[in-house]
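Novice: Structure below; questions to follow.
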Amino acid sequence: MDYQVLLRSKCKEIMKHPIVKHFLSDPKHYEKFKNVLEHSDEKDAKSLDDHFKQFYKEIRIIKYMNSMIRIFSIDFDKRIRKNQKRYPLTVDQPEGGEALPYEMGKDAYEEFLRKQGDLSQHVQNRDLYEALQTLTDKQKSVLTNIYLHGATMKEIAESLGESRQNISNIHKKGLDNLRKQLDKQKKGENKQ
Amino acid sequence: MNGPFDFNKENTDTDEMELLISRFSPMIKKKLSNTSYQEREDLEQELKIKIVEKADMLLCQEVPGFWEFILHLINESS
């Protein structure tokens with residue numbers, strides 16, 4: 001057998017290799033190895049071959065698992081840390097930014113309307129909306145103050161610098177105008 | 001030939017996996033200290049999943065026999 005010749009010549013070198021050394025440190029393996037060297041025992045050579053395959057596979061699995069577990073655990077920790085940094089969990093203090101309307105117990109739509117100073121923005125009926133557009137600016141502002149802000153005649157009179165009666169008149173005329181416009185629109189619809 | 005990785009052919013794949021996992025769980029447990037206390041269970045599970053993923057590749061790999069290995073060593077050194 002050619003490998004035996006080679007083996008003898010390089011025996012010492014090979015024995016120094018850590019895997020071979022470890023493998024032959026098992027007395028059973030070493031005995032078989034000696035048998036092969038001395039008597040070139042074919043059966044022992046085969047058995048040694050099989051044993052070594054098993055042994056080597058095991059070492060490979062352990063080596064792979066060892067580095068895989070080590071590297072993966074470090075990577076995992078890095079990933080978790082990154083996530084925690086990006087999405088910190090804060091339950092002991094309010095979130096940054098403006099609170100959402102529902103959190104304050106208010107309806108967002110109501111809140112929006114309250115900010116609209118124009119009465120026509122609060123009207124859902126299309127006819128009434130169009131009728132409102134035909135009023136003069138003064139009538140509009142008086143109606144807005146009364147129906148949107150709930151102001152009294154006196155308060156409006158003071159803020160506009162006019163008499164109470166005058167405001168009352170404007171209010172009445174405004175309502176009359178609206179009524180007329182709505183009547184007109186109704187007649188127009190009936191004719192069609 | 002009864003090494004820890006010499007699995008009977010009668011064994012199912014799951015048995016092999018379980019054996020593999022139980023064999024390496026001490027190694028996993030040791031490495032759990034790499035992460036914070038809350039994440040340890042997650043890490044353990046992820047590592048086990050990883051082992052299952054790689055099990056086929058590891059168990060079915062081709063390894064050289066003894067003489068083959070020695071020939072390879074000789075060739076390399078010369």
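A note on labels: chains of the structure tokens are A, B, ... as shown, every chain counts residues from 1, and ligands are counted from 1 in their shown order.
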Considering only helix (DSSP H, G or I) as DSSP defines it on the backbone, what residues of chain B qualify? List them as a PyMOL selection string.
Specialist: chain B and resi 13-34+37-59+66-77
Novice: So that I can see what lies close to stretch 65-82 of chain A, please list as a PyMOL selection string the residues with an atom at most 7 Å from it, counting only C-alpha atoms and leaving out residues fewer than 6 positions away in the same chain.
Specialist: chain B and resi 28+31+34-35+43+47
Novice: With all heavy atoms retained, write the just-selected residues as a short mmCIF file (atom, residue, chain, number, x, y, z; two decimals), in the first residue's frame.
Specialist:
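out-v4.cif was written with the following content:
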data_model
loop_
_atom_site.label_atom_id
_atom_site.label_comp_id
_atom_site.auth_asym_id
_atom_site.auth_seq_id
_atom_site.Cartn_x
_atom_site.Cartn_y
_atom_site.Cartn_z
N ILE B 28 -25.42 27.01 24.50
CA ILE B 28 -26.35 28.12 24.31
C ILE B 28 -26.55 28.87 25.63
O ILE B 28 -26.46 30.09 25.69
CB ILE B 28 -27.71 27.61 23.78
CG1 ILE B 28 -27.55 27.08 22.35
CG2 ILE B 28 -28.75 28.70 23.82
CD1 ILE B 28 -28.80 26.45 21.81
N LYS B 31 -23.91 31.23 26.45
CA LYS B 31 -23.85 32.45 25.63
C LYS B 31 -25.03 33.39 25.85
O LYS B 31 -25.07 34.48 25.30
CB LYS B 31 -23.75 32.08 24.15
CG LYS B 31 -22.47 31.41 23.77
CD LYS B 31 -21.30 32.36 23.92
CE LYS B 31 -20.00 31.65 23.65
NZ LYS B 31 -18.83 32.42 24.01
N ASN B 34 -24.69 36.95 26.89
CA ASN B 34 -24.31 38.01 25.95
C ASN B 34 -25.39 39.08 25.81
O ASN B 34 -25.12 40.15 25.28
CB ASN B 34 -24.05 37.42 24.57
CG ASN B 34 -22.61 37.02 24.42
OD1 ASN B 34 -21.78 37.42 25.20
ND2 ASN B 34 -22.34 36.23 23.41
N THR B 35 -26.59 38.76 26.23
CA THR B 35 -27.67 39.73 26.06
C THR B 35 -28.33 40.01 27.41
O THR B 35 -28.03 39.35 28.40
CB THR B 35 -28.69 39.22 25.02
OG1 THR B 35 -29.58 40.28 24.72
CG2 THR B 35 -29.46 38.02 25.53
N LEU B 43 -33.44 34.81 22.72
CA LEU B 43 -32.17 34.39 22.11
C LEU B 43 -32.05 32.88 22.08
O LEU B 43 -31.64 32.30 21.08
CB LEU B 43 -31.00 35.03 22.89
CG LEU B 43 -29.61 34.60 22.44
CD1 LEU B 43 -29.39 34.96 20.99
CD2 LEU B 43 -28.54 35.26 23.28
N LEU B 47 -31.61 30.75 18.69
CA LEU B 47 -30.45 29.89 18.47
C LEU B 47 -30.88 28.47 18.13
O LEU B 47 -30.31 27.83 17.25
CB LEU B 47 -29.56 29.88 19.71
CG LEU B 47 -28.60 31.05 19.82
CD1 LEU B 47 -27.94 31.08 21.18
CD2 LEU B 47 -27.53 30.98 18.75
#
Novice: Pull out every residue of chain B that has at least one atom within 8 Å of chain A, counting only C-alpha atoms, and report them as a list in words.
Specialist: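 Filtering chain B at 8 Å from chain A with only C-alpha atoms gives Met1, Gly3, Pro4, Phe5, Asp6, Phe24, Met27, Ile28, Lys31, Leu32, Asn34, Thr35, Ser36, Leu43, Leu47, Ile51, Leu58, Leu59, Gln61, Val63, Pro64, Gly65, Phe66, Trp67, Ile70, Leu71, Leu73 and Ile74 of chain B.
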Novice: Could you turn the residues from that selection into a file that holds N, CA, C and O atoms, as a compact mmCIF listing (two decimals), in the first residue's frame?
Specialist:
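Just written: again07.txt:
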# COMPACT_ATOMS: atom_id res chain seq x y z
N MET B 1 -19.21 1.99 16.88
CA MET B 1 -19.49 3.28 16.24
C MET B 1 -20.72 3.92 16.85
O MET B 1 -21.75 4.03 16.22
N GLY B 3 -20.95 7.08 18.41
CA GLY B 3 -20.65 8.46 18.81
C GLY B 3 -21.93 9.22 19.00
O GLY B 3 -23.01 8.76 18.62
N PRO B 4 -21.84 10.38 19.60
CA PRO B 4 -23.04 11.16 19.86
C PRO B 4 -23.78 11.57 18.58
O PRO B 4 -24.95 11.87 18.62
N PHE B 5 -23.06 11.61 17.47
CA PHE B 5 -23.73 12.05 16.24
C PHE B 5 -24.00 10.91 15.29
O PHE B 5 -24.34 11.09 14.16
N ASP B 6 -23.81 9.68 15.83
CA ASP B 6 -24.09 8.54 14.98
C ASP B 6 -25.54 8.16 15.17
O ASP B 6 -25.90 7.40 16.06
N PHE B 24 -26.27 20.78 22.46
CA PHE B 24 -25.66 22.11 22.44
C PHE B 24 -26.31 23.11 23.37
O PHE B 24 -25.90 24.26 23.42
N MET B 27 -24.04 24.96 25.71
CA MET B 27 -23.29 26.01 25.01
C MET B 27 -24.15 27.26 24.83
O MET B 27 -23.69 28.39 24.99
N ILE B 28 -25.42 27.01 24.50
CA ILE B 28 -26.35 28.12 24.31
C ILE B 28 -26.55 28.87 25.63
O ILE B 28 -26.46 30.09 25.69
N LYS B 31 -23.91 31.23 26.45
CA LYS B 31 -23.85 32.45 25.63
C LYS B 31 -25.03 33.39 25.85
O LYS B 31 -25.07 34.48 25.30
N LEU B 32 -26.01 32.93 26.62
CA LEU B 32 -27.17 33.79 26.88
C LEU B 32 -26.75 35.04 27.64
O LEU B 32 -27.42 36.06 27.60
N ASN B 34 -24.69 36.95 26.89
CA ASN B 34 -24.31 38.01 25.95
C ASN B 34 -25.39 39.08 25.81
O ASN B 34 -25.12 40.15 25.28
N THR B 35 -26.59 38.76 26.23
CA THR B 35 -27.67 39.73 26.06
C THR B 35 -28.33 40.01 27.41
O THR B 35 -28.03 39.35 28.40
N SER B 36 -29.24 40.99 27.39
CA SER B 36 -29.85 41.40 28.65
C SER B 36 -30.84 40.35 29.14
O SER B 36 -31.29 39.50 28.38
N LEU B 43 -33.44 34.81 22.72
CA LEU B 43 -32.17 34.39 22.11
C LEU B 43 -32.05 32.88 22.08
O LEU B 43 -31.64 32.30 21.08
N LEU B 47 -31.61 30.75 18.69
CA LEU B 47 -30.45 29.89 18.47
C LEU B 47 -30.88 28.47 18.13
O LEU B 47 -30.31 27.83 17.25
N ILE B 51 -30.15 26.27 14.82
CA ILE B 51 -29.57 24.92 14.82
C ILE B 51 -30.41 23.99 13.94
O ILE B 51 -29.89 23.23 13.13
N LEU B 58 -25.27 20.04 8.45
CA LEU B 58 -24.19 19.52 9.28
C LEU B 58 -24.18 18.00 9.33
O LEU B 58 -23.13 17.36 9.25
N LEU B 59 -25.35 17.42 9.45
CA LEU B 59 -25.42 15.97 9.64
C LEU B 59 -25.14 15.20 8.35
O LEU B 59 -24.71 14.06 8.39
N GLN B 61 -23.10 16.29 5.89
CA GLN B 61 -21.90 16.74 5.18
C GLN B 61 -20.95 15.57 4.92
O GLN B 61 -20.92 14.58 5.65
N VAL B 63 -17.40 13.99 4.95
CA VAL B 63 -16.12 14.19 5.64
C VAL B 63 -15.12 13.16 5.12
O VAL B 63 -15.50 12.07 4.74
N PRO B 64 -13.85 13.51 5.12
CA PRO B 64 -12.84 12.57 4.63
C PRO B 64 -12.62 11.44 5.64
O PRO B 64 -12.79 11.62 6.84
N GLY B 65 -12.23 10.27 5.16
CA GLY B 65 -11.83 9.18 6.03
C GLY B 65 -10.43 9.43 6.56
O GLY B 65 -9.78 10.42 6.20
N PHE B 66 -9.97 8.53 7.40
CA PHE B 66 -8.69 8.74 8.08
C PHE B 66 -7.53 8.82 7.08
O PHE B 66 -6.73 9.75 7.09
N TRP B 67 -7.49 7.87 6.19
CA TRP B 67 -6.34 7.80 5.25
C TRP B 67 -6.41 8.95 4.26
O TRP B 67 -5.38 9.52 3.90
N ILE B 70 -5.09 11.93 6.04
CA ILE B 70 -3.64 11.91 6.19
C ILE B 70 -2.95 12.20 4.86
O ILE B 70 -1.99 12.98 4.80
N LEU B 71 -3.49 11.61 3.80
CA LEU B 71 -2.94 11.90 2.47
C LEU B 71 -3.00 13.39 2.17
O LEU B 71 -2.07 13.99 1.65
N LEU B 73 -3.03 15.74 4.35
CA LEU B 73 -2.03 16.42 5.18
C LEU B 73 -0.65 16.34 4.55
O LEU B 73 0.09 17.33 4.47
N ILE B 74 -0.33 15.15 4.06
CA ILE B 74 0.98 14.94 3.46
C ILE B 74 1.14 15.82 2.21
O ILE B 74 2.16 16.48 2.03
Novice: I'd like the contact shell of A:Leu178 - 8 Å cut-off, only C-alpha atoms, skipping same-chain residues fewer than 5 positions apart - returned as JSON, numbers by chain.
Specialist: {"A": [128, 131, 132, 135]}
Novice: Please indicate the distance in Å from atom CA of A:Lys187 to atom CA of A:Leu148, rounded to one decimal place.
Specialist: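 Computed distance, atom CA of A:Lys187 to atom CA of A:Leu148, equals 29.1 Å.
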